[in-house]
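This report refers to the structure that appears directly beneath it.
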Amino acid sequence: MHWYLDVLKKYAVFNGRARRQEYWMFTLFSVIISIVLAIVDNVAGTSPILGGIYTVAVLLPTLGVTIRRLHDTDRSGWWILIGIVPLVGFIVMLVFLASEGKRHDNSYGPDPKLVPATY
């Protein structure tokens with residue numbers, strides 16, 4: 001759970017690097033919360049309202065952690081725009097986001113695996 005909260009604390013931070021675990025745990029919790037909100041929306045009859053509010057609320061943290069994840073693989077954050085390309089863009093982004101980060105310092109910062117975690 002701390003992975004999810006750490007990303008929210010870095011609400012609009014687009015510099016630095018994010019480990020695979022940080023990105024994927026945030027994504028997992030985000031999907032779970034979205035599913036729960038969709039169920040609550042359907043039961044309450046307020047269909048897209050709660051889910052829409054949540055989506056808008058986590059838009060910047062999601063962009064931030066995705067860009068930091070791309071930085072960890074030594075790619076520019078502008079690579080996020082490849083997701084616009086139908087099907088191919090999704091597959092390329094999935095490969096980039098699932099790839100292991102570079103084990104050395106790069107222009108985006110030190111290796112996050114070597115930096116001590118702060119909770």
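By convention in this document, the chains of the structure tokens carry letters A, B, ... by their order, each chain's residues are numbered from 1, and ligands are numbered from 1 in the order they are shown.
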Going by DSSP on the backbone, which residues of chain A come out as helix (DSSP H, G or I)? List them as number ranges by chain. A: 2-9, 20-44, 49-57, 59-72, 77-84, 88-98
Which residues are close to A:Gly83, i.e. within 8 Å by only C-alpha atoms, leaving aside same-chain residues fewer than 5 positions away? Reply as an MDAnalysis selection string. chainID A and resid 88:90 92:93
Residue contacts of stretch 5-16 of chain A (6 Å, only C-alpha atoms) excluding same-chain residues fewer than 6 positions away, as a VMD selection string: chain A and resid 60 to 61 64 68 108 to 109
Compile the contact shell of A:Gly51 as a VMD selection string: residues with an atom at most 8 Å away, counting only C-alpha atoms, same-chain residues fewer than 2 positions apart removed. chain A and resid 34 37 to 38 41 48 to 49 53 to 55
Quick one: write out the picked residues with N, CA, C and O atoms as a PDB file, in the first residue's frame?
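Generated output (out_21.pdb):
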ATOM      1  N   SER A  34     -10.567   1.425  -9.001  1.00  0.00           N
ATOM      2  CA  SER A  34     -11.483   1.738 -10.104  1.00  0.00           C
ATOM      3  C   SER A  34     -12.604   0.712 -10.204  1.00  0.00           C
ATOM      4  O   SER A  34     -13.763   1.078 -10.442  1.00  0.00           O
ATOM      5  N   LEU A  37     -15.006   1.313  -7.297  1.00  0.00           N
ATOM      6  CA  LEU A  37     -15.813   2.511  -7.551  1.00  0.00           C
ATOM      7  C   LEU A  37     -16.847   2.276  -8.644  1.00  0.00           C
ATOM      8  O   LEU A  37     -17.958   2.807  -8.577  1.00  0.00           O
ATOM      9  N   ALA A  38     -16.529   1.475  -9.658  1.00  0.00           N
ATOM     10  CA  ALA A  38     -17.494   1.153 -10.705  1.00  0.00           C
ATOM     11  C   ALA A  38     -18.672   0.358 -10.130  1.00  0.00           C
ATOM     12  O   ALA A  38     -19.828   0.607 -10.490  1.00  0.00           O
ATOM     13  N   ASP A  41     -20.698   2.765  -8.050  1.00  0.00           N
ATOM     14  CA  ASP A  41     -21.438   3.632  -8.966  1.00  0.00           C
ATOM     15  C   ASP A  41     -22.671   2.930  -9.526  1.00  0.00           C
ATOM     16  O   ASP A  41     -23.751   3.528  -9.595  1.00  0.00           O
ATOM     17  N   PRO A  48     -21.156   7.035 -13.936  1.00  0.00           N
ATOM     18  CA  PRO A  48     -19.735   7.356 -14.134  1.00  0.00           C
ATOM     19  C   PRO A  48     -19.172   8.398 -13.178  1.00  0.00           C
ATOM     20  O   PRO A  48     -18.031   8.812 -13.326  1.00  0.00           O
ATOM     21  N   ILE A  49     -19.918   8.820 -12.186  1.00  0.00           N
ATOM     22  CA  ILE A  49     -19.490   9.971 -11.383  1.00  0.00           C
ATOM     23  C   ILE A  49     -18.286   9.664 -10.499  1.00  0.00           C
ATOM     24  O   ILE A  49     -17.260  10.342 -10.583  1.00  0.00           O
ATOM     25  N   ILE A  53     -14.427  11.023 -11.129  1.00  0.00           N
ATOM     26  CA  ILE A  53     -13.722  11.863 -10.156  1.00  0.00           C
ATOM     27  C   ILE A  53     -12.380  11.233  -9.795  1.00  0.00           C
ATOM     28  O   ILE A  53     -11.360  11.921  -9.726  1.00  0.00           O
ATOM     29  N   TYR A  54     -12.372   9.915  -9.585  1.00  0.00           N
ATOM     30  CA  TYR A  54     -11.122   9.225  -9.254  1.00  0.00           C
ATOM     31  C   TYR A  54     -10.122   9.320 -10.406  1.00  0.00           C
ATOM     32  O   TYR A  54      -8.936   9.568 -10.189  1.00  0.00           O
ATOM     33  N   THR A  55     -10.606   9.135 -11.628  1.00  0.00           N
ATOM     34  CA  THR A  55      -9.725   9.208 -12.796  1.00  0.00           C
ATOM     35  C   THR A  55      -9.065  10.573 -12.906  1.00  0.00           C
ATOM     36  O   THR A  55      -7.858  10.671 -13.144  1.00  0.00           O
TER      37      THR A  55
END
